[in-house]
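Peer 1: Dropping in coords11.txt, which is compact mmCIF, C-alpha atoms and all ligand atoms:
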```txt
# COMPACT_ATOMS: atom_id res chain seq x y z
CA MET G 1 0.00 0.00 0.00
CA ASN G 2 1.19 3.50 -0.80
CA ILE G 3 0.03 6.23 1.59
CA THR G 4 0.10 8.87 -1.15
CA ASP G 5 -2.09 7.09 -3.68
CA ALA G 6 -5.24 9.13 -4.18
CA ASP G 7 -7.66 6.73 -2.47
CA THR G 8 -5.48 6.17 0.60
CA ALA G 9 -4.73 9.87 1.10
CA TYR G 10 -8.44 10.66 0.65
CA PHE G 11 -9.39 8.01 3.22
CA LEU G 12 -6.95 9.44 5.78
CA VAL G 13 -7.90 13.08 5.27
CA ASP G 14 -11.61 12.25 5.27
CA ALA G 15 -11.16 10.85 8.79
CA ALA G 16 -8.75 13.50 10.14
CA ALA G 17 -11.09 16.30 9.06
CA TRP G 18 -13.60 15.18 11.70
CA ALA G 19 -11.32 16.17 14.57
CA PRO G 20 -12.70 18.89 16.87
CA SER G 21 -11.30 22.40 16.42
CA VAL G 22 -11.84 25.69 18.17
CA HIS G 23 -15.03 27.28 16.71
CA ASN G 24 -14.83 24.58 14.02
CA THR G 25 -12.18 26.66 12.30
CA GLN G 26 -10.61 23.45 10.92
CA PRO G 27 -7.24 25.26 10.87
CA TRP G 28 -5.45 22.68 8.75
CA TRP G 29 -4.64 21.44 5.29
CA PHE G 30 -3.02 18.21 4.11
CA GLY G 31 -0.45 17.42 1.45
CA THR G 32 1.19 14.46 -0.17
CA ARG G 33 4.96 14.54 -0.46
CA GLY G 34 7.23 11.63 -1.36
CA SER G 35 5.98 8.73 0.76
CA THR G 36 4.23 10.87 3.37
CA VAL G 37 0.90 12.52 4.02
CA THR G 38 1.61 15.90 5.58
CA LEU G 39 -0.48 17.93 8.03
CA HIS G 40 -0.14 21.73 8.08
CA ALA G 41 -1.63 24.48 10.22
CA ASP G 42 -3.55 27.08 8.23
CA PRO G 43 -2.78 30.45 9.89
CA ASP G 44 -5.56 32.18 7.91
CA ARG G 45 -7.94 30.20 10.11
CA ARG G 46 -6.29 31.11 13.41
CA LEU G 47 -8.33 33.21 15.86
CA ASN G 48 -6.14 36.32 15.82
CA VAL G 49 -7.96 37.98 18.72
CA ALA G 50 -8.75 35.03 20.99
CA ASP G 51 -5.71 32.92 20.11
CA PRO G 52 -2.84 35.20 19.00
CA ASP G 53 -0.16 32.60 19.88
CA GLY G 54 -1.93 29.87 17.94
CA ARG G 55 -2.22 27.65 21.02
CA GLU G 56 -5.80 26.59 20.30
CA MET G 57 -4.99 26.28 16.61
CA LEU G 58 -2.23 23.79 17.44
CA ILE G 59 -4.43 21.89 19.90
CA SER G 60 -6.92 21.54 17.04
CA CYS G 61 -4.15 20.35 14.69
CA GLY G 62 -3.02 17.89 17.37
CA ALA G 63 -6.54 16.46 17.45
CA ALA G 64 -6.39 16.06 13.65
CA LEU G 65 -3.00 14.33 13.98
CA CYS G 66 -4.37 11.85 16.55
CA THR G 67 -7.22 11.07 14.13
CA LEU G 68 -4.82 10.65 11.21
CA ARG G 69 -2.72 8.22 13.28
CA LEU G 70 -5.83 6.20 14.14
CA ALA G 71 -6.89 6.10 10.48
CA VAL G 72 -3.43 4.70 9.59
CA ARG G 73 -3.95 2.04 12.26
CA ARG G 74 -7.31 1.23 10.65
CA LEU G 75 -5.40 0.48 7.45
CA GLY G 76 -3.37 -2.08 9.40
CA HIS G 77 -0.10 -0.17 9.72
CA ASP G 78 1.76 1.59 12.48
CA PRO G 79 1.96 5.31 11.74
CA GLN G 80 5.42 6.88 11.58
CA VAL G 81 5.11 10.49 12.65
CA GLN G 82 7.71 13.27 12.40
CA THR G 83 6.66 16.47 14.15
CA ALA G 84 9.92 18.41 14.03
CA SER G 85 9.38 21.92 12.64
CA ASP G 86 11.07 22.74 9.34
CA PRO G 87 12.03 26.39 8.63
CA GLU G 88 11.63 25.67 4.90
CA ARG G 89 8.01 24.55 5.42
CA PRO G 90 6.35 27.00 7.83
CA GLY G 91 3.09 25.72 9.30
CA LEU G 92 4.15 22.09 8.94
CA ILE G 93 2.73 20.03 11.80
CA ALA G 94 3.70 16.48 10.86
CA ASP G 95 4.91 14.14 8.15
CA VAL G 96 3.09 10.84 8.49
CA SER G 97 4.17 7.67 6.72
CA LEU G 98 3.21 4.01 6.86
CA GLY G 99 5.27 2.01 9.33
CA PRO G 100 5.32 -1.77 9.66
CA ALA G 101 2.10 -3.70 8.97
CA ARG G 102 0.21 -4.62 12.17
CA PRO G 103 -3.49 -5.52 12.27
CA CYS G 104 -5.77 -2.91 13.84
CA GLU G 105 -6.76 -4.03 17.37
CA GLU G 106 -10.41 -4.32 18.37
CA ASP G 107 -10.28 -1.33 20.75
CA GLU G 108 -8.67 0.79 18.00
CA ASN G 109 -11.45 -0.20 15.61
CA ARG G 110 -14.04 0.82 18.20
CA MET G 111 -12.32 4.17 18.66
CA TYR G 112 -12.06 4.70 14.90
CA ASP G 113 -15.82 4.12 14.63
CA GLN G 114 -16.38 7.16 16.89
CA ILE G 115 -14.53 9.66 14.68
CA ARG G 116 -17.64 10.85 12.81
CA ARG G 117 -20.09 10.01 15.58
CA ARG G 118 -18.45 12.12 18.32
CA ARG G 119 -20.08 15.54 18.85
CA THR G 120 -19.40 18.48 21.13
CA HIS G 121 -22.30 19.00 23.55
CA ARG G 122 -23.46 22.43 24.69
CA GLY G 123 -25.76 22.29 27.70
CA GLY G 124 -26.60 20.10 30.69
CA PHE G 125 -26.07 16.36 31.04
CA ARG G 126 -28.17 13.51 32.42
CA PRO G 127 -27.76 13.19 36.19
CA GLU G 128 -26.00 9.80 36.21
CA GLY G 129 -22.23 9.73 36.39
CA LEU G 130 -19.71 8.20 33.99
CA PRO G 131 -19.78 4.40 33.50
CA ALA G 132 -17.63 2.50 36.00
CA GLY G 133 -13.96 2.44 35.09
CA LEU G 134 -14.24 5.00 32.30
CA LEU G 135 -12.58 7.86 34.16
CA GLN G 136 -9.46 5.76 34.75
CA ALA G 137 -9.45 4.76 31.07
CA LEU G 138 -9.71 8.42 30.01
CA ARG G 139 -6.83 9.39 32.33
CA THR G 140 -4.73 6.67 30.70
CA CYS G 141 -5.64 7.96 27.20
CA ALA G 142 -4.34 11.43 28.20
CA LEU G 143 -1.17 10.03 29.80
CA ASP G 144 -0.46 7.96 26.67
CA GLU G 145 -0.20 11.29 24.80
CA ASN G 146 1.91 13.01 27.50
CA ALA G 147 -0.90 15.07 28.99
CA THR G 148 -2.91 14.89 32.22
CA LEU G 149 -6.68 14.78 32.62
CA ARG G 150 -7.41 16.39 36.01
CA VAL G 151 -10.86 16.01 37.48
CA VAL G 152 -11.97 19.01 39.54
CA ALA G 153 -13.52 17.05 42.39
CA ASP G 154 -13.86 19.75 45.08
CA PRO G 155 -17.32 21.38 44.77
CA ARG G 156 -15.88 24.79 45.75
CA ALA G 157 -13.24 24.54 43.04
CA ARG G 158 -15.97 23.70 40.50
CA ILE G 159 -17.95 26.77 41.58
CA ALA G 160 -14.81 28.91 41.26
CA LEU G 161 -14.04 27.57 37.76
CA GLY G 162 -17.62 28.21 36.69
CA ALA G 163 -17.35 31.77 38.02
CA LEU G 164 -14.04 32.33 36.21
CA THR G 165 -15.69 31.10 33.00
CA GLU G 166 -18.48 33.62 33.48
CA VAL G 167 -15.98 36.45 34.09
CA ALA G 168 -14.05 35.46 30.96
CA GLU G 169 -17.18 35.27 28.82
CA GLN G 170 -18.30 38.74 29.93
CA MET G 171 -14.82 40.21 29.42
CA LEU G 172 -14.56 38.71 25.92
CA ARG G 173 -18.02 40.00 24.96
CA GLN G 174 -16.87 43.53 25.83
CA ASN G 175 -14.18 43.34 23.15
CA PRO G 176 -15.60 44.39 19.74
CA ASP G 177 -12.76 42.63 17.89
CA TYR G 178 -13.56 39.39 19.71
CA CYS G 179 -17.25 39.76 18.78
CA LEU G 180 -16.34 40.29 15.11
CA GLU G 181 -14.15 37.20 15.22
CA MET G 182 -17.02 35.16 16.75
CA ALA G 183 -19.30 36.45 13.99
CA ARG G 184 -16.84 35.15 11.39
CA TRP G 185 -17.10 31.62 12.82
CA ALA G 186 -20.79 31.49 13.81
CA PRO G 187 -22.69 31.79 10.53
CA ARG G 188 -26.32 32.85 10.34
CA PRO G 189 -29.01 30.14 10.02
CA GLY G 190 -29.29 28.52 6.61
CA SER G 191 -25.62 29.11 5.75
CA ARG G 192 -24.13 26.42 3.49
CA ARG G 193 -20.62 26.89 4.82
CA ARG G 194 -18.77 23.71 5.76
CA ASP G 195 -16.97 25.26 8.74
CA GLY G 196 -17.88 27.31 11.80
CA VAL G 197 -20.47 26.65 14.52
CA HIS G 198 -23.96 26.55 12.97
CA GLU G 199 -27.32 27.08 14.69
CA ASP G 200 -27.99 23.33 14.91
CA ALA G 201 -24.87 22.84 17.05
CA TYR G 202 -26.07 24.73 20.16
CA PRO G 203 -29.30 25.13 22.12
CA ARG G 204 -31.24 28.38 22.02
CA ASP G 205 -31.71 28.24 25.80
CA PRO G 206 -29.11 25.95 27.38
CA ALA G 207 -30.20 24.45 30.70
CA ARG G 208 -28.52 26.17 33.64
CA THR G 209 -26.25 23.76 35.40
CA ASP G 210 -25.21 24.01 39.04
CA PRO G 211 -22.51 25.24 39.11
CA HIS G 212 -23.10 27.07 35.88
CA PHE G 213 -20.53 27.23 33.09
CA ALA G 214 -21.18 30.03 30.60
CA GLN G 215 -21.60 29.04 26.96
CA ARG G 216 -20.00 30.89 24.09
CA ASP G 217 -22.37 33.43 22.57
CA PHE G 218 -22.59 31.88 19.10
CA ALA G 219 -26.10 33.35 18.51
CA ARG G 220 -25.01 36.87 19.53
CA GLY G 221 -28.42 37.72 20.97
CA ARG G 222 -30.34 36.82 17.78
CA GLY G 223 -32.26 33.88 19.25
CA TRP G 224 -30.59 31.29 17.00
CA GLY G 225 -30.11 27.70 18.15
CA LEU G 226 -31.93 24.41 18.65
CA THR G 227 -35.29 24.84 20.33
CA GLU G 228 -35.98 21.39 21.72
CA ASP G 229 -36.46 21.24 25.48
CA GLU G 230 -33.40 20.34 27.44
CA ARG G 231 -34.59 18.15 30.25
CA HIS G 232 -31.29 17.55 31.97
CA GLY G 233 -29.21 20.15 33.74
CA ALA G 234 -26.45 18.24 35.50
CA PRO G 235 -22.97 19.75 35.03
CA GLY G 236 -21.27 16.34 34.63
CA LEU G 237 -17.65 15.79 35.55
CA VAL G 238 -15.55 18.96 35.37
CA ALA G 239 -12.03 18.32 34.06
CA LEU G 240 -8.93 20.16 32.93
CA LEU G 241 -6.49 18.84 30.39
CA THR G 242 -2.97 19.98 31.26
CA THR G 243 0.58 19.62 29.95
CA ARG G 244 3.93 19.85 31.71
CA THR G 245 5.26 22.56 29.39
CA ASP G 246 3.60 25.22 27.28
CA GLU G 247 4.99 25.50 23.77
CA ARG G 248 4.23 24.17 20.29
CA ALA G 249 5.09 20.54 21.08
CA ALA G 250 3.00 20.60 24.26
CA TRP G 251 0.00 22.08 22.42
CA LEU G 252 0.21 19.32 19.82
CA GLN G 253 0.37 16.74 22.61
CA ALA G 254 -2.65 18.35 24.28
CA GLY G 255 -4.61 18.10 21.02
CA GLN G 256 -3.71 14.45 20.53
CA ALA G 257 -4.63 13.71 24.16
CA LEU G 258 -7.90 15.60 23.78
CA GLN G 259 -9.02 13.59 20.76
CA HIS G 260 -7.87 10.30 22.33
CA VAL G 261 -9.95 11.09 25.44
CA LEU G 262 -12.98 12.26 23.43
CA LEU G 263 -13.06 9.19 21.19
CA ARG G 264 -12.74 6.77 24.11
CA ALA G 265 -15.51 8.72 25.92
CA ALA G 266 -17.74 8.65 22.82
CA GLU G 267 -17.44 4.87 22.71
CA ASN G 268 -19.24 4.93 26.05
CA ASP G 269 -21.82 7.52 24.90
CA VAL G 270 -20.08 10.18 26.96
CA SER G 271 -19.59 13.59 25.37
CA ALA G 272 -17.71 16.74 26.27
CA ALA G 273 -18.88 20.32 26.66
CA PHE G 274 -15.99 22.78 26.34
CA HIS G 275 -15.63 26.06 28.23
CA THR G 276 -12.24 27.42 27.23
CA GLN G 277 -13.02 31.15 27.46
CA ALA G 278 -10.91 31.74 30.60
CA LEU G 279 -7.86 30.19 28.91
CA GLU G 280 -8.01 32.93 26.24
CA ILE G 281 -7.32 35.63 28.86
CA PRO G 282 -3.68 35.38 30.00
CA GLU G 283 -4.28 36.57 33.59
CA LEU G 284 -7.11 34.08 34.10
CA ARG G 285 -5.14 31.27 32.50
CA ASP G 286 -2.25 31.99 34.90
CA PHE G 287 -4.66 32.02 37.82
CA ILE G 288 -6.16 28.68 36.78
CA ARG G 289 -2.71 27.22 36.35
CA THR G 290 -1.64 28.31 39.83
CA HIS G 291 -4.78 27.32 41.70
CA PHE G 292 -6.22 24.31 39.87
CA CYS G 293 -3.47 22.58 37.92
CA ASP G 294 -0.68 21.75 40.35
CA GLY G 295 1.72 23.72 38.17
CA GLY G 296 0.60 22.03 34.94
CA HIS G 297 -0.42 24.26 32.02
CA PRO G 298 -4.17 24.25 31.39
CA GLN G 299 -5.04 23.59 27.74
CA THR G 300 -8.80 22.92 27.85
CA ILE G 301 -11.61 23.09 30.40
CA MET G 302 -14.47 20.70 29.82
CA ARG G 303 -17.42 18.92 31.35
CA LEU G 304 -17.97 15.25 30.59
CA GLY G 305 -21.31 13.48 30.80
CA ILE G 306 -24.14 11.69 29.03
CA ALA G 307 -26.04 14.04 26.76
CA GLU G 308 -29.49 13.80 25.26
CA GLY G 309 -30.43 15.21 21.89
CA GLU G 310 -28.33 15.47 18.77
CA SER G 311 -26.22 18.44 17.86
CA ARG G 312 -24.77 18.58 14.36
CA SER G 313 -21.52 19.70 12.84
CA VAL G 314 -20.01 20.21 9.41
CA ARG G 315 -16.63 19.69 7.76
CA ARG G 316 -14.94 20.75 4.55
CA PRO G 317 -14.54 17.81 2.14
CA PRO G 318 -11.13 16.19 1.57
CA GLU G 319 -10.88 17.58 -1.97
CA GLU G 320 -10.77 21.06 -0.41
CA LEU G 321 -8.16 20.04 2.17
CA LEU G 322 -5.70 18.00 0.12
CA ARG G 323 -3.09 19.80 -1.96
CA PRO G 324 0.03 18.36 -3.58
CA GLU G 325 3.11 19.70 -1.82
CA PRO G 326 6.06 20.89 -3.88
C1 LIG G 401 -9.11 23.94 21.59
C2 LIG G 401 -10.62 23.86 21.53
C3 LIG G 401 -11.38 24.77 22.26
C4 LIG G 401 -12.78 24.71 22.20
N1 LIG G 401 -13.51 25.59 22.95
C5 LIG G 401 -14.86 25.54 22.93
C6 LIG G 401 -15.66 26.42 23.74
O1 LIG G 401 -15.15 27.22 24.51
N2 LIG G 401 -17.00 26.32 23.64
C7 LIG G 401 -17.63 25.43 22.81
O2 LIG G 401 -18.86 25.40 22.77
N3 LIG G 401 -16.91 24.56 22.04
C8 LIG G 401 -15.56 24.60 22.09
N4 LIG G 401 -14.81 23.72 21.32
C9 LIG G 401 -15.50 22.71 20.49
C10 LIG G 401 -15.59 23.15 19.02
O3 LIG G 401 -16.46 24.25 18.88
C11 LIG G 401 -16.05 21.95 18.18
O4 LIG G 401 -15.05 20.97 18.20
C12 LIG G 401 -16.33 22.32 16.74
O5 LIG G 401 -17.43 23.21 16.66
C13 LIG G 401 -16.65 21.10 15.86
O6 LIG G 401 -17.80 20.45 16.36
P1 LIG G 401 -17.77 18.91 16.82
O7 LIG G 401 -16.77 18.82 17.97
O8 LIG G 401 -19.17 18.61 17.28
O9 LIG G 401 -17.34 18.08 15.66
C14 LIG G 401 -13.42 23.74 21.39
C15 LIG G 401 -12.63 22.83 20.65
C16 LIG G 401 -11.25 22.87 20.71
C17 LIG G 401 -10.43 21.87 19.94
```
What would the structure in this file look like if it were written as structure tokens?

Peer 2:
Amino acid sequence: MNITDADTAYFLVDAAAWAPSVHNTQPWWFGTRGSTVTLHADPDRRLNVADPDGREMLISCGAALCTLRLAVRRLGHDPQVQTASDPERPGLIADVSLGPARPCEEDENRMYDQIRRRRTHRGGFRPEGLPAGLLQALRTCALDENATLRVVADPRARIALGALTEVAEQMLRQNPDYCLEMARWAPRPGSRRRDGVHEDAYPRDPARTDPHFAQRDFARGRGWGLTEDERHGAPGLVALLTTRTDERAAWLQAGQALQHVLLRAAENDVSAAFHTQALEIPELRDFIRTHFCDGGHPQTIMRLGIAEGESRSVRRPPEELLRPEP
């Protein structure tokens, strides 16, 4: 098998495209080069206001890389991944080639089957907790990718994190440039765009959870969003994903850990609601690092639980994402 033949490259990119990304910016493109499929960050899709350092962009690319690796495993090979940066190829995230043949294990197949099924949830969860043993499995998924999944178990700490999220959301909404950037990635109803967060991806009136975690204002006061009743308002398990260091390599690790955790969770019908607003404000991110992360660097804040109702999402097709590389 040749990784760069059209069908194989298409298969891999078609899977990787379903990784989560901040505001569904899908900040990536893929190439074929020699005997590798390449993954690149697309800086035109970076959030210049909310994410000037490209941290969330690289977490998103890390999630795409994890998915690409899993798709290579589905083909019955070990992936060989080079993530060193190359000054001649700015934006390069990874060169991925086919390693030795090895049949895809059953648990990898199950995880692969979640790639298109997994959805971000925005709202409350059912009251029951996570299935027995899942939390430990999710922690292991994060550790396997050199990141840590920290559960915020103390009720007072959960209240404090919810309050910090509210502060961040209100601060961000005061910034006109931030609001313009949100508008770019939250299209109006009926849009045929294949990126961004559409009105069928969030509830019009999300259930208030206790403690409450503010949602992003995708509708911008226009009453957009799904109207079905949300019956459940449990917050679920509040967790932080952290890394030991805080630079490009760590952000890519965080993204790979995130997707690994999310796919394993999805296998058990557990989804994640993200609340990363406070991590976009440097002072609040520092505060969260000092008080909630044991010195680790917080990369995402999320709630995990069992959701009801279907939210939808969109992706650009592989033919738009794949370009031959010189
Ligand atoms: C780094 C990162 C940060 C995110 N932050 C938020 C957030 O604050 N609020 C939110 O509703 N979704 C957040 N998301 C989820 C994305 O909006 C979601 O992945 C995207 O819209 C695609 O939808 P899907 O996950 O259902 O496929 C985040 C995702 C990533 C990777």

Peer 1: I need the residue nearest G:Arg33 from this list: G:Thr165, G:Asn48, G:Gln82, G:Ser97. Use only C-alpha atoms for the distance.

Peer 2: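 Ranked by minimum distance to G:Arg33, first place goes to G:Ser97.
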
Peer 1: Within 6 Å of ligand LIG 401 (chain G), which residues show up when you count only C-alpha atoms and all ligand atoms? List them as a list in words, please.

Peer 2: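 Based on only C-alpha atoms and all ligand atoms, ligand LIG 401 (chain G) is surrounded within 6 Å by Pro20, Ser21, Val22, His23, Asn24, Glu56, Ile59, Ser60, Arg119, Thr120, Arg122, Val197, Arg216, Phe274, His275, Thr276, Gln277 and Ser313 of chain G.
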
Peer 1: Taking only C-alpha atoms into account, which of G:Glu228, G:Arg117, G:Asp86, G:Glu181 comes nearest G:Ala15?

Peer 2: G:Arg117

Peer 1: How far is it from atom CA of G:Gly34 to atom CA of G:Leu70, in Å with one decimal?

Peer 2: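 If I compute the distance from atom CA of G:Gly34 to atom CA of G:Leu70, I get 21.0 Å.
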
Peer 1: Mind checking which residues fall within 12 Å of G:Glu128, counting only C-alpha atoms, ignoring those fewer than 5 positions away in the same chain, and posting them as a PyMOL selection string?

Peer 2: chain G and resi 232-237+270+304-307

Peer 1: I'd like the contact shell of G:Pro187 - 9 Å cut-off, only C-alpha atoms, skipping same-chain residues fewer than 5 positions apart - returned as a ChimeraX atom specification.

Peer 2: /G:192-193,195-199,218-219

Peer 1: Looking at G:Ile93, G:Leu284, G:Ala6, G:Leu75, which one is nearest to G:Leu58, with distances taken over all atoms listed in the file?

Peer 2: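 Ranked by minimum distance to G:Leu58, first place goes to G:Ile93.
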
Peer 1: Rounded to one decimal in Å, what is the spacing between atom CA of G:Glu325 and atom CA of G:Ala94?

Peer 2: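 Those two atoms sit 13.1 Å apart.
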
Peer 1: Rounded to one decimal in Å, what is the spacing between atom CA of G:Leu262 and atom CA of G:Ala207?

Peer 2: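 Computing it gives 22.3 Å between the two atoms.
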
Peer 1: Rank G:Gly190, G:Tyr178, G:Ala278, G:Leu149 by their smallest atom-to-atom distance to G:Arg244, using all atoms listed in the file, and report the top residue only.

Peer 2: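 Smallest separation from G:Arg244 among the options: G:Leu149.
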
Peer 1: Kindly indicate which residue among G:Ala183, G:Met111, G:Cys141, G:Leu240 lies nearest to G:Ala153, using all atoms listed in the file for the distances.

Peer 2: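 Closest candidate: G:Leu240.
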
Peer 1: Given only C-alpha atoms as the basis, pick out the residue of G:Leu12, G:Arg285, G:Trp28, G:Ala132 nearest to G:Pro79.

Peer 2: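 Looking only at the distances to G:Pro79, the closest residue turns out to be G:Leu12.
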
Peer 1: Please provide the set of residues having any atom within 7 Å of G:Ser311, restricted to all atoms listed in the file, with same-chain residues fewer than 4 positions apart removed, written as a PyMOL selection string.

Peer 2: chain G and resi 119+121+200-202

Peer 1: For stretch 292-294 of chain G, work out the shell of residues within 8 Å, counting only C-alpha atoms and skipping chain neighbours fewer than 5 positions away, then give it as a VMD selection string.

Peer 2: chain G and resid 150 152 157 240 242
